[in-house]
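Raw contents of upload-v3.cif, mmCIF, C-alpha atoms and all ligand atoms:
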```cif
data_query
#
loop_
_atom_site.label_atom_id
_atom_site.label_comp_id
_atom_site.auth_asym_id
_atom_site.auth_seq_id
_atom_site.Cartn_x
_atom_site.Cartn_y
_atom_site.Cartn_z
CA MET E 1 13.27 7.71 18.33
CA MET E 2 11.78 5.72 15.52
CA GLY E 3 14.44 3.35 14.27
CA VAL E 4 13.65 -0.14 13.09
CA ARG E 5 11.57 -2.56 15.14
CA PHE E 6 11.83 -6.33 14.84
CA GLY E 7 9.32 -8.99 15.79
CA PRO E 8 7.90 -12.43 15.05
CA ALA E 9 5.05 -13.41 12.73
CA GLY E 10 2.81 -14.73 15.46
CA ILE E 11 3.09 -15.58 19.14
CA PRO E 12 6.73 -16.57 19.90
CA ILE E 13 7.23 -20.33 19.90
CA GLU E 14 8.83 -20.38 23.33
CA THR E 15 6.26 -18.14 25.04
CA PRO E 16 5.61 -19.46 28.52
CA GLY E 17 1.84 -19.65 28.94
CA GLU E 18 -0.67 -19.05 26.21
CA GLY E 19 -2.30 -16.34 24.21
CA THR E 20 -1.52 -13.08 22.48
CA ALA E 21 -0.87 -11.00 25.60
CA ALA E 22 1.62 -13.59 26.92
CA GLY E 23 3.35 -13.56 23.52
CA ILE E 24 3.65 -9.77 23.61
CA GLU E 25 5.17 -9.85 27.10
CA TYR E 26 7.63 -12.52 25.98
CA CYS E 27 8.64 -10.40 22.96
CA ARG E 28 9.53 -7.57 25.29
CA LYS E 29 11.38 -9.91 27.65
CA ILE E 30 13.70 -11.19 24.91
CA GLY E 31 14.24 -7.72 23.46
CA LEU E 32 11.82 -7.52 20.51
CA SER E 33 9.49 -4.56 19.96
CA ALA E 34 6.97 -5.74 17.34
CA MET E 35 4.66 -8.69 16.78
CA GLU E 36 2.27 -9.64 13.99
CA VAL E 37 -0.98 -11.22 15.18
CA GLU E 38 -1.80 -14.04 12.76
CA PHE E 39 -5.35 -14.51 11.56
CA VAL E 40 -4.21 -16.51 8.54
CA HIS E 41 -6.71 -19.33 9.16
CA GLY E 42 -9.57 -17.07 10.23
CA VAL E 43 -10.38 -14.26 12.66
CA ASN E 44 -11.47 -15.65 15.97
CA MET E 45 -10.50 -13.03 18.55
CA LYS E 46 -13.15 -11.57 20.84
CA GLU E 47 -13.19 -7.89 21.75
CA GLY E 48 -12.21 -8.35 25.42
CA LYS E 49 -9.19 -10.47 24.64
CA ALA E 50 -8.09 -8.16 21.83
CA ARG E 51 -8.32 -5.05 23.99
CA ALA E 52 -6.37 -6.77 26.80
CA ALA E 53 -3.64 -7.76 24.32
CA GLY E 54 -3.60 -4.19 22.99
CA GLU E 55 -3.05 -2.93 26.53
CA ALA E 56 -0.19 -5.37 27.03
CA ALA E 57 1.35 -4.10 23.80
CA GLY E 58 1.13 -0.50 24.97
CA LYS E 59 2.64 -1.31 28.35
CA ASN E 60 5.50 -3.30 26.82
CA ASN E 61 6.17 -0.97 23.88
CA VAL E 62 5.50 -3.72 21.34
CA LYS E 63 4.06 -2.47 18.04
CA LEU E 64 1.30 -4.73 16.74
CA SER E 65 0.19 -5.52 13.20
CA CYS E 66 -2.11 -8.28 11.93
CA HIS E 67 -2.10 -10.77 9.08
CA ALA E 68 -5.47 -11.35 7.38
CA PRO E 69 -6.71 -14.85 6.33
CA TYR E 70 -5.14 -16.59 3.34
CA TYR E 71 -8.53 -17.21 1.69
CA ILE E 72 -8.87 -13.68 0.33
CA ASN E 73 -9.16 -12.95 -3.39
CA CYS E 74 -9.98 -9.30 -4.10
CA CYS E 75 -10.21 -9.99 -7.84
CA ALA E 76 -12.18 -13.27 -7.68
CA LYS E 77 -14.40 -14.05 -10.62
CA GLU E 78 -17.38 -14.94 -8.40
CA GLU E 79 -19.36 -12.30 -6.54
CA GLY E 80 -19.67 -14.61 -3.50
CA LYS E 81 -15.89 -14.91 -3.19
CA LEU E 82 -15.51 -11.15 -3.42
CA ARG E 83 -18.04 -10.69 -0.63
CA ALA E 84 -16.25 -13.28 1.52
CA SER E 85 -12.97 -11.45 0.91
CA VAL E 86 -14.47 -8.19 2.13
CA ARG E 87 -15.78 -10.02 5.20
CA TYR E 88 -12.34 -11.49 6.01
CA ILE E 89 -10.63 -8.14 5.60
CA VAL E 90 -13.17 -6.15 7.61
CA SER E 91 -13.19 -8.69 10.46
CA THR E 92 -9.39 -8.56 10.56
CA ALA E 93 -9.59 -4.76 10.62
CA GLN E 94 -12.09 -4.90 13.48
CA ALA E 95 -9.77 -7.11 15.57
CA ALA E 96 -6.84 -4.85 14.65
CA PHE E 97 -8.79 -1.81 15.83
CA TRP E 98 -9.39 -3.44 19.23
CA LEU E 99 -5.74 -4.49 19.39
CA GLY E 100 -4.45 -1.07 18.38
CA ALA E 101 -2.68 -2.83 15.48
CA SER E 102 -1.80 -1.60 11.98
CA PRO E 103 -1.35 -2.43 9.17
CA ILE E 104 -3.37 -5.56 8.42
CA VAL E 105 -1.31 -7.53 5.92
CA ILE E 106 -3.26 -8.99 3.01
CA HIS E 107 -2.49 -11.29 0.09
CA THR E 108 -4.58 -9.35 -2.41
CA GLY E 109 -5.61 -12.11 -4.83
CA HIS E 110 -4.86 -14.19 -7.91
CA TYR E 111 -4.72 -13.18 -11.58
CA MET E 112 -6.26 -16.53 -12.63
CA GLY E 113 -4.97 -16.15 -16.15
CA ARG E 114 -5.96 -12.50 -16.53
CA ALA E 115 -3.65 -9.55 -17.08
CA PRO E 116 -2.83 -7.48 -13.96
CA GLU E 117 -4.54 -4.49 -15.62
CA GLU E 118 -7.76 -6.46 -15.93
CA CYS E 119 -7.72 -7.45 -12.26
CA LYS E 120 -6.84 -3.99 -11.07
CA LYS E 121 -10.30 -2.42 -11.31
CA LEU E 122 -11.83 -5.28 -9.37
CA VAL E 123 -9.15 -5.02 -6.69
CA TYR E 124 -9.76 -1.26 -6.40
CA ARG E 125 -13.49 -1.89 -5.98
CA THR E 126 -13.04 -4.62 -3.36
CA TYR E 127 -10.58 -2.61 -1.25
CA GLU E 128 -12.84 0.45 -1.57
CA GLN E 129 -15.72 -1.61 -0.18
CA CYS E 130 -13.54 -2.74 2.73
CA LEU E 131 -12.57 0.84 3.54
CA GLU E 132 -16.20 1.97 3.35
CA GLU E 133 -17.35 -0.78 5.71
CA MET E 134 -14.49 -0.02 8.08
CA ARG E 135 -15.52 3.62 8.13
CA ALA E 136 -19.14 2.69 8.79
CA LEU E 137 -18.06 0.51 11.73
CA GLY E 138 -15.98 3.31 13.24
CA ILE E 139 -12.69 1.49 12.62
CA ARG E 140 -10.00 4.16 12.59
CA GLY E 141 -6.21 4.02 12.41
CA VAL E 142 -6.06 0.65 10.66
CA VAL E 143 -4.23 0.70 7.32
CA LEU E 144 -4.62 -2.04 4.71
CA GLY E 145 -1.23 -3.63 3.97
CA ALA E 146 -1.00 -5.08 0.45
CA GLU E 147 1.74 -7.71 0.61
CA LEU E 148 4.24 -8.43 -2.12
CA THR E 149 3.25 -12.00 -2.93
CA GLY E 150 5.60 -14.90 -3.64
CA LYS E 151 4.01 -16.52 -6.67
CA LYS E 152 3.95 -15.07 -10.17
CA SER E 153 0.29 -16.09 -10.43
CA ALA E 154 -0.67 -13.89 -7.45
CA TYR E 155 -1.68 -10.24 -7.55
CA GLY E 156 1.02 -8.40 -5.64
CA SER E 157 4.10 -7.59 -7.71
CA LEU E 158 6.10 -4.57 -6.56
CA ASP E 159 4.38 -2.53 -9.30
CA ASP E 160 0.94 -3.80 -8.25
CA ILE E 161 1.30 -2.81 -4.61
CA ILE E 162 2.91 0.57 -5.28
CA ASP E 163 0.03 1.31 -7.65
CA LEU E 164 -2.51 0.36 -4.94
CA ALA E 165 -0.85 2.66 -2.41
CA GLN E 166 -0.82 5.49 -4.96
CA HIS E 167 -4.49 4.91 -5.70
CA PHE E 168 -5.69 4.86 -2.09
CA GLY E 169 -3.01 6.95 -0.37
CA LEU E 170 -0.60 5.66 2.27
CA GLU E 171 -2.93 6.59 5.11
CA ARG E 172 -5.43 4.00 3.81
CA LEU E 173 -3.28 1.38 2.06
CA MET E 174 0.44 0.74 2.29
CA PRO E 175 2.70 -1.67 0.42
CA VAL E 176 4.20 -4.48 2.53
CA ILE E 177 7.41 -5.73 0.94
CA ASP E 178 8.15 -9.37 1.64
CA TYR E 179 11.80 -9.55 0.57
CA ALA E 180 11.78 -13.35 0.48
CA HIS E 181 8.78 -13.23 -1.84
CA TYR E 182 10.50 -10.68 -4.07
CA HIS E 183 13.58 -12.93 -4.15
CA ALA E 184 11.40 -15.88 -5.23
CA ARG E 185 9.22 -13.98 -7.67
CA GLU E 186 11.39 -11.39 -9.40
CA GLY E 187 14.89 -12.79 -9.28
CA LYS E 188 17.68 -12.98 -6.84
CA LEU E 189 18.54 -10.36 -4.28
CA LYS E 190 22.26 -10.46 -3.62
CA ILE E 191 23.91 -7.12 -3.10
CA LYS E 192 22.97 -3.77 -1.60
CA ASP E 193 22.12 -2.30 -5.00
CA ASP E 194 19.52 -5.03 -5.59
CA TYR E 195 17.72 -3.85 -2.46
CA ALA E 196 18.40 -0.16 -3.06
CA ARG E 197 16.53 -0.41 -6.38
CA ILE E 198 13.40 -1.57 -4.52
CA LEU E 199 13.70 1.22 -1.95
CA GLU E 200 14.24 3.78 -4.69
CA LYS E 201 11.16 2.62 -6.55
CA MET E 202 9.10 2.96 -3.37
CA GLU E 203 10.44 6.45 -2.69
CA ASP E 204 9.89 7.54 -6.29
CA GLY E 205 6.36 6.21 -6.33
CA LEU E 206 5.22 7.10 -2.82
CA GLY E 207 7.50 9.77 -1.40
CA SER E 208 9.59 9.86 1.74
CA LYS E 209 6.73 8.81 4.04
CA ALA E 210 7.03 5.29 2.64
CA ALA E 211 10.62 5.28 3.87
CA LYS E 212 9.83 6.43 7.39
CA THR E 213 6.96 4.12 8.25
CA PHE E 214 7.65 0.93 6.34
CA HIS E 215 6.26 -2.46 7.30
CA CYS E 216 7.98 -5.50 5.81
CA HIS E 217 8.47 -9.25 6.07
CA PHE E 218 11.78 -11.06 5.98
CA SER E 219 12.87 -14.73 6.00
CA GLY E 220 14.85 -17.18 3.92
CA ILE E 221 12.98 -18.85 1.08
CA GLU E 222 13.05 -21.89 -1.19
CA PHE E 223 11.58 -21.37 -4.65
CA SER E 224 11.06 -22.70 -8.16
CA ASP E 225 10.54 -20.83 -11.44
CA LYS E 226 6.89 -20.32 -10.45
CA GLY E 227 7.91 -18.55 -7.27
CA GLU E 228 7.91 -19.39 -3.58
CA ARG E 229 7.84 -22.92 -2.17
CA ASN E 230 8.44 -22.42 1.51
CA HIS E 231 10.02 -20.10 4.01
CA LEU E 232 13.42 -21.00 5.47
CA PRO E 233 15.47 -19.89 8.47
CA VAL E 234 17.44 -16.69 8.05
CA SER E 235 20.66 -18.75 8.20
CA ALA E 236 19.85 -20.00 4.66
CA ASP E 237 21.06 -16.52 3.61
CA SER E 238 18.72 -16.63 0.62
CA PRO E 239 18.07 -13.72 0.35
CA PRO E 240 20.86 -12.22 2.50
CA PHE E 241 19.82 -9.65 5.12
CA ALA E 242 23.00 -7.61 5.70
CA PRO E 243 22.87 -5.81 2.31
CA LEU E 244 19.26 -4.80 2.99
CA ALA E 245 20.21 -3.46 6.42
CA ALA E 246 23.00 -1.47 4.75
CA ALA E 247 20.57 -0.08 2.16
CA TRP E 248 18.14 0.96 4.91
CA LYS E 249 20.91 2.65 6.84
CA GLU E 250 22.17 4.50 3.80
CA ARG E 251 18.71 5.84 2.92
CA GLY E 252 17.55 6.42 6.50
CA TRP E 253 14.64 3.98 6.35
CA GLU E 254 12.62 3.38 9.52
CA GLY E 255 9.80 0.99 10.26
CA THR E 256 8.99 -2.56 11.27
CA VAL E 257 10.42 -5.93 10.22
CA ILE E 258 8.34 -9.05 10.84
CA CYS E 259 10.27 -12.31 10.70
CA GLU E 260 8.41 -15.12 8.92
CA SER E 261 11.13 -17.77 9.15
CA PRO E 262 10.16 -21.03 10.89
CA LEU E 263 12.19 -19.72 13.87
CA ILE E 264 9.98 -16.66 14.23
CA GLU E 265 11.40 -15.08 17.37
CA LYS E 266 14.95 -16.46 17.32
CA ASP E 267 15.46 -15.23 13.77
CA ALA E 268 13.83 -11.88 14.55
CA LEU E 269 16.60 -11.48 17.12
CA VAL E 270 19.21 -12.59 14.56
CA LEU E 271 17.94 -9.90 12.15
CA GLN E 272 17.89 -7.27 14.87
CA LYS E 273 21.45 -8.08 15.85
CA ALA E 274 22.58 -7.95 12.21
CA PHE E 275 20.88 -4.58 11.77
CA GLN E 276 22.53 -3.17 14.90
CA LYS E 277 25.89 -4.36 13.63
CA VAL E 278 25.41 -2.61 10.29
CA ARG E 279 24.14 0.56 11.96
CA ALA E 280 27.05 0.76 14.42
ZN ZN P 1 1.77 -12.93 4.05
#
```
Rewrite the coordinates I just gave you, this time as structure tokens.
Amino acid sequence: MMGVRFGPAGIPIETPGEGTAAGIEYCRKIGLSAMEVEFVHGVNMKEGKARAAGEAAGKNNVKLSCHAPYYINCCAKEEGKLRASVRYIVSTAQAAFWLGASPIVIHTGHYMGRAPEECKKLVYRTYEQCLEEMRALGIRGVVLGAELTGKKSAYGSLDDIIDLAQHFGLERLMPVIDYAHYHAREGKLKIKDDYARILEKMEDGLGSKAAKTFHCHFSGIEFSDKGERNHLPVSADSPPFAPLAAAWKERGWEGTVICESPLIEKDALVLQKAFQKVRA
């Protein structure tokens, strides 16, 4: 059975003990079946530790993904920044390979005053370089996850990330919808139809596989007219989760939901419970 898995963005706050493997075991203990390993401030995981955490994930049936560092800009104007971005992405992919994790979630970059079309070719080239280096290193089974970003100045609108997945193919790059970011960036998500339009666009652009293996982020969010300010607990109900769960149920969507609220594991459980209620 596939279904929908829920998990925290990072090691659960109340994990007894320390480290990724302990966090995975705690996820299982409280009834979660996914966890995103956060490398947002840099990739610092050694092979032995990563493989041990990957084993714990297998044993506990917890599906792992990773989040790449924040410092990436795949359409930077300087060659040095592009090279650094490739390095961050490939080192995240290496850790993910040892962990048995996929996708690696990436904030693609910043327009920096340029039109999305102008940035696109540079983004294609940078991601292509990442995929080539990953291939050369023998990294298999790790998909790049282009996140829907929360600021209007950031590369990563719904159109941007669907285009990237079309360009590379879902087996190499998948879109990662962050519904809170969409809410902050594109306008308010309120009712089921608001969510259904996003799902329909994904299915139209990428086919039914996008519906059966999705990876997404969810949380509450505070925002201004420029986009996101900060993530909030799910209880903020902005955006609301129940209409999304209903849209998933209606269209038979299956995949993984990572909770990025400040209450990473407690709210993952809240979302899971809400989903089960809608599904029942
Ligand atoms: Zn993110």
Enumerate, in order of chain and increasing residue number, the residues of chain E with an atom no farther than 7 Å from ligand ZN 1 (chain P), each with its shortest atom pair and distance in Å to one decimal, counting all atoms listed in the file, as a Markdown table.
```
| residue | atom | partner | partner_atom | distance |
| --- | --- | --- | --- | --- |
| E:His67 | CA | P:ZN1 | ZN | 6.7 |
| E:Val105 | CA | P:ZN1 | ZN | 6.5 |
| E:Ile106 | CA | P:ZN1 | ZN | 6.5 |
| E:His107 | CA | P:ZN1 | ZN | 6.0 |
| E:Glu147 | CA | P:ZN1 | ZN | 6.3 |
```
Report task. Could you please determine the separation between CA of Gly141 in chain E and CA of Ala154 in chain E in Å, to one decimal place? Result -> 27.3 Å
Could I get the residues of range 255-274 of chain E with an atom no further than 10 Å from an atom of range 174-191 of chain E, each paired with its nearest atom pair and that distance in Å to one decimal, using only C-alpha atoms, sorted by chain and residue number, as a Markdown table?
```
| residue | atom | partner | partner_atom | distance |
| --- | --- | --- | --- | --- |
| E:Val257 | CA | E:Asp178 | CA | 9.5 |
| E:Ile258 | CA | E:Asp178 | CA | 9.2 |
| E:Cys259 | CA | E:Asp178 | CA | 9.8 |
| E:Glu260 | CA | E:Ala180 | CA | 9.3 |
| E:Ser261 | CA | E:Ala180 | CA | 9.8 |
```
Those residues with C-alpha atoms, as a short mmCIF file (atom, residue, chain, number, x, y, z; two decimals), in the coordinates of the input please?
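Output contents, as saved in again.cif:
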```cif
data_model
loop_
_atom_site.label_atom_id
_atom_site.label_comp_id
_atom_site.auth_asym_id
_atom_site.auth_seq_id
_atom_site.Cartn_x
_atom_site.Cartn_y
_atom_site.Cartn_z
CA VAL E 257 10.42 -5.93 10.22
CA ILE E 258 8.34 -9.05 10.84
CA CYS E 259 10.27 -12.31 10.70
CA GLU E 260 8.41 -15.12 8.92
CA SER E 261 11.13 -17.77 9.15
#
```
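Minimum atom-to-atom distance to Leu173 in chain E, evaluated using only C-alpha atoms, belongs to E:Leu131 out of E:Leu269, E:Leu131, E:Val234, E:Leu64.
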Report task. May I ask for the distance between CA of Pro103 in chain E and CA of Val143 in chain E, given in Å to one decimal place? Result ->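 Answer for the CA of Pro103 in chain E to CA of Val143 in chain E separation: 4.6 Å.
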Write out, as a tab-separated table, each residue of range 35-112 of chain E that has an atom at most 10 Å from range 121-127 of chain E, together with the closest pair of atoms and their distance in Å to one decimal, counting all atoms listed in the file, rows going by chain and rising number.
```
residue	atom	partner	partner_atom	distance
E:Asn73	CA	E:Val123	CA	8.6
E:Cys74	CA	E:Val123	CA	5.1
E:Cys75	CA	E:Val123	CA	5.2
E:Ala76	CA	E:Leu122	CA	8.2
E:Lys77	CA	E:Leu122	CA	9.2
E:Leu82	CA	E:Thr126	CA	7.0
E:Arg83	CA	E:Thr126	CA	8.3
E:Ser85	CA	E:Thr126	CA	8.1
E:Val86	CA	E:Thr126	CA	6.7
E:Ile89	CA	E:Tyr127	CA	8.8
E:Val90	CA	E:Tyr127	CA	9.9
E:Thr108	CA	E:Val123	CA	7.6
E:Gly109	CA	E:Val123	CA	8.1
```
Requested in this report: Find the spatial neighbours of Ala280 in chain E, counting only C-alpha atoms, within a cut-off of 12 Å - ignore same-chain residues fewer than 3 positions away - and output them as a count of residues only.
Outcome: 8
Contacts of range 187-279 of chain E with range 14-38 of chain E up to 12 Å, shortest pair per row, all atoms listed in the file, as a tab-separated table:
```
residue	atom	partner	partner_atom	distance
E:His215	CA	E:Ala34	CA	10.6
E:Cys216	CA	E:Glu36	CA	10.8
E:His217	CA	E:Glu36	CA	10.1
E:Gly255	CA	E:Ala34	CA	10.2
E:Thr256	CA	E:Ala34	CA	7.1
E:Val257	CA	E:Ala34	CA	7.9
E:Ile258	CA	E:Glu36	CA	6.9
E:Cys259	CA	E:Met35	CA	9.0
E:Glu260	CA	E:Glu36	CA	9.7
E:Leu263	CA	E:Glu14	CA	10.1
E:Ile264	CA	E:Glu14	CA	9.9
E:Glu265	CA	E:Cys27	CA	7.8
E:Lys266	CA	E:Ile30	CA	9.3
E:Asp267	CA	E:Leu32	CA	10.9
E:Ala268	CA	E:Leu32	CA	7.7
E:Leu269	CA	E:Leu32	CA	7.1
E:Val270	CA	E:Leu32	CA	10.8
E:Leu271	CA	E:Leu32	CA	10.6
E:Gln272	CA	E:Leu32	CA	8.3
E:Lys273	CA	E:Gly31	CA	10.5
```
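If you count all atoms listed in the file and ignore residues fewer than 4 places along the chain from range 41-56 of chain E, what sits within 9 Å of it is Gly19, Thr20, Ala21, Ala22, Ile24, Glu25, Asn60, Asn61, Val62, Leu64, Ala68, Pro69, Tyr70, Tyr71, Tyr88, Ser91, Thr92, Gln94, Ala95, Ala96, Phe97, Trp98, Leu99, Gly100 and Ala101 of chain E.
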Requested in this report: Could you check how far CA of Phe223 in chain E sits from CA of His110 in chain E, in Å to one decimal?
Outcome: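 Between CA of Phe223 in chain E and CA of His110 in chain E the gap works out to 18.2 Å.
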Query raised in the report: Out of E:Ile139, E:Leu158, E:Val40, E:Leu164, which residue has the shortest atom-to-atom distance to Cys119 in chain E when counting all atoms listed in the file?
Result: E:Leu164
Query raised in the report: Between E:Gly220, E:Gly138, E:Pro262, E:Gly156, which is the closest to Pro8 in chain E once you count only C-alpha atoms?
Result: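 Closest residue, counting only C-alpha atoms: E:Pro262.
Of the residues listed (E:Phe214, E:Leu144, E:Tyr111, E:Asp225), E:Phe214 shows the shortest atom-to-atom separation from Trp253 in chain E; distances use all atoms listed in the file.
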Output as JSON the centre and edge lengths (Å, one decimal) of the box along x, y and z of the file that holds every listed atom of range 47-63 of chain E after adding 5 Å on each side.
```
{"center_x": -3.5, "center_y": -5.5, "center_z": 23.2, "size_x": 29.4, "size_y": 20.0, "size_z": 20.3}
```
**Report entry** Selection: 12 Å around Gln166 in chain E, only C-alpha atoms, excl. self and same-chain fewer than 4 positions, as a list in words
**Finding:** Tyr124, Ala146, Asp159, Asp160, Ile161, Ile162, Leu170, Glu171, Arg172, Leu173, Met174, Pro175, Met202, Glu203, Asp204, Gly205, Leu206, Gly207 and Ala210 of chain E
Any chance you could build range 63-79 of chain E out to N, CA and C atoms and write it as a short mmCIF file (atom, residue, chain, number, x, y, z; two decimals), keeping the file's coordinate frame?
```cif
data_model
loop_
_atom_site.label_atom_id
_atom_site.label_comp_id
_atom_site.auth_asym_id
_atom_site.auth_seq_id
_atom_site.Cartn_x
_atom_site.Cartn_y
_atom_site.Cartn_z
N LYS E 63 4.95 -2.95 19.09
CA LYS E 63 4.06 -2.47 18.04
C LYS E 63 3.38 -3.66 17.37
N LEU E 64 2.05 -3.62 17.31
CA LEU E 64 1.30 -4.73 16.74
C LEU E 64 0.85 -4.45 15.31
N SER E 65 0.82 -5.53 14.52
CA SER E 65 0.19 -5.52 13.20
C SER E 65 -0.60 -6.83 13.14
N CYS E 66 -1.36 -7.03 12.07
CA CYS E 66 -2.11 -8.28 11.93
C CYS E 66 -1.88 -8.85 10.54
N HIS E 67 -2.11 -10.15 10.41
CA HIS E 67 -2.10 -10.77 9.08
C HIS E 67 -3.49 -11.34 8.83
N ALA E 68 -4.11 -10.92 7.73
CA ALA E 68 -5.47 -11.35 7.38
C ALA E 68 -5.45 -12.79 6.86
N PRO E 69 -6.63 -13.45 6.81
CA PRO E 69 -6.71 -14.85 6.33
C PRO E 69 -6.16 -15.02 4.91
N TYR E 70 -5.69 -16.24 4.65
CA TYR E 70 -5.14 -16.59 3.34
C TYR E 70 -6.21 -16.69 2.26
N TYR E 71 -7.47 -16.86 2.65
CA TYR E 71 -8.53 -17.21 1.69
C TYR E 71 -9.06 -16.04 0.88
N ILE E 72 -8.39 -14.89 0.99
CA ILE E 72 -8.87 -13.68 0.33
C ILE E 72 -8.52 -13.68 -1.16
N ASN E 73 -9.46 -13.24 -1.99
CA ASN E 73 -9.16 -12.95 -3.39
C ASN E 73 -9.97 -11.73 -3.83
N CYS E 74 -9.30 -10.58 -3.81
CA CYS E 74 -9.98 -9.30 -4.10
C CYS E 74 -10.29 -9.12 -5.58
N CYS E 75 -9.83 -10.06 -6.42
CA CYS E 75 -10.21 -9.99 -7.84
C CYS E 75 -10.80 -11.33 -8.27
N ALA E 76 -11.53 -11.99 -7.36
CA ALA E 76 -12.18 -13.27 -7.68
C ALA E 76 -13.19 -13.07 -8.79
N LYS E 77 -13.44 -14.15 -9.52
CA LYS E 77 -14.40 -14.05 -10.62
C LYS E 77 -15.84 -14.17 -10.12
N GLU E 78 -16.02 -14.76 -8.94
CA GLU E 78 -17.38 -14.94 -8.40
C GLU E 78 -17.70 -13.88 -7.35
N GLU E 79 -18.90 -13.34 -7.46
CA GLU E 79 -19.36 -12.30 -6.54
C GLU E 79 -19.30 -12.79 -5.08
#
```
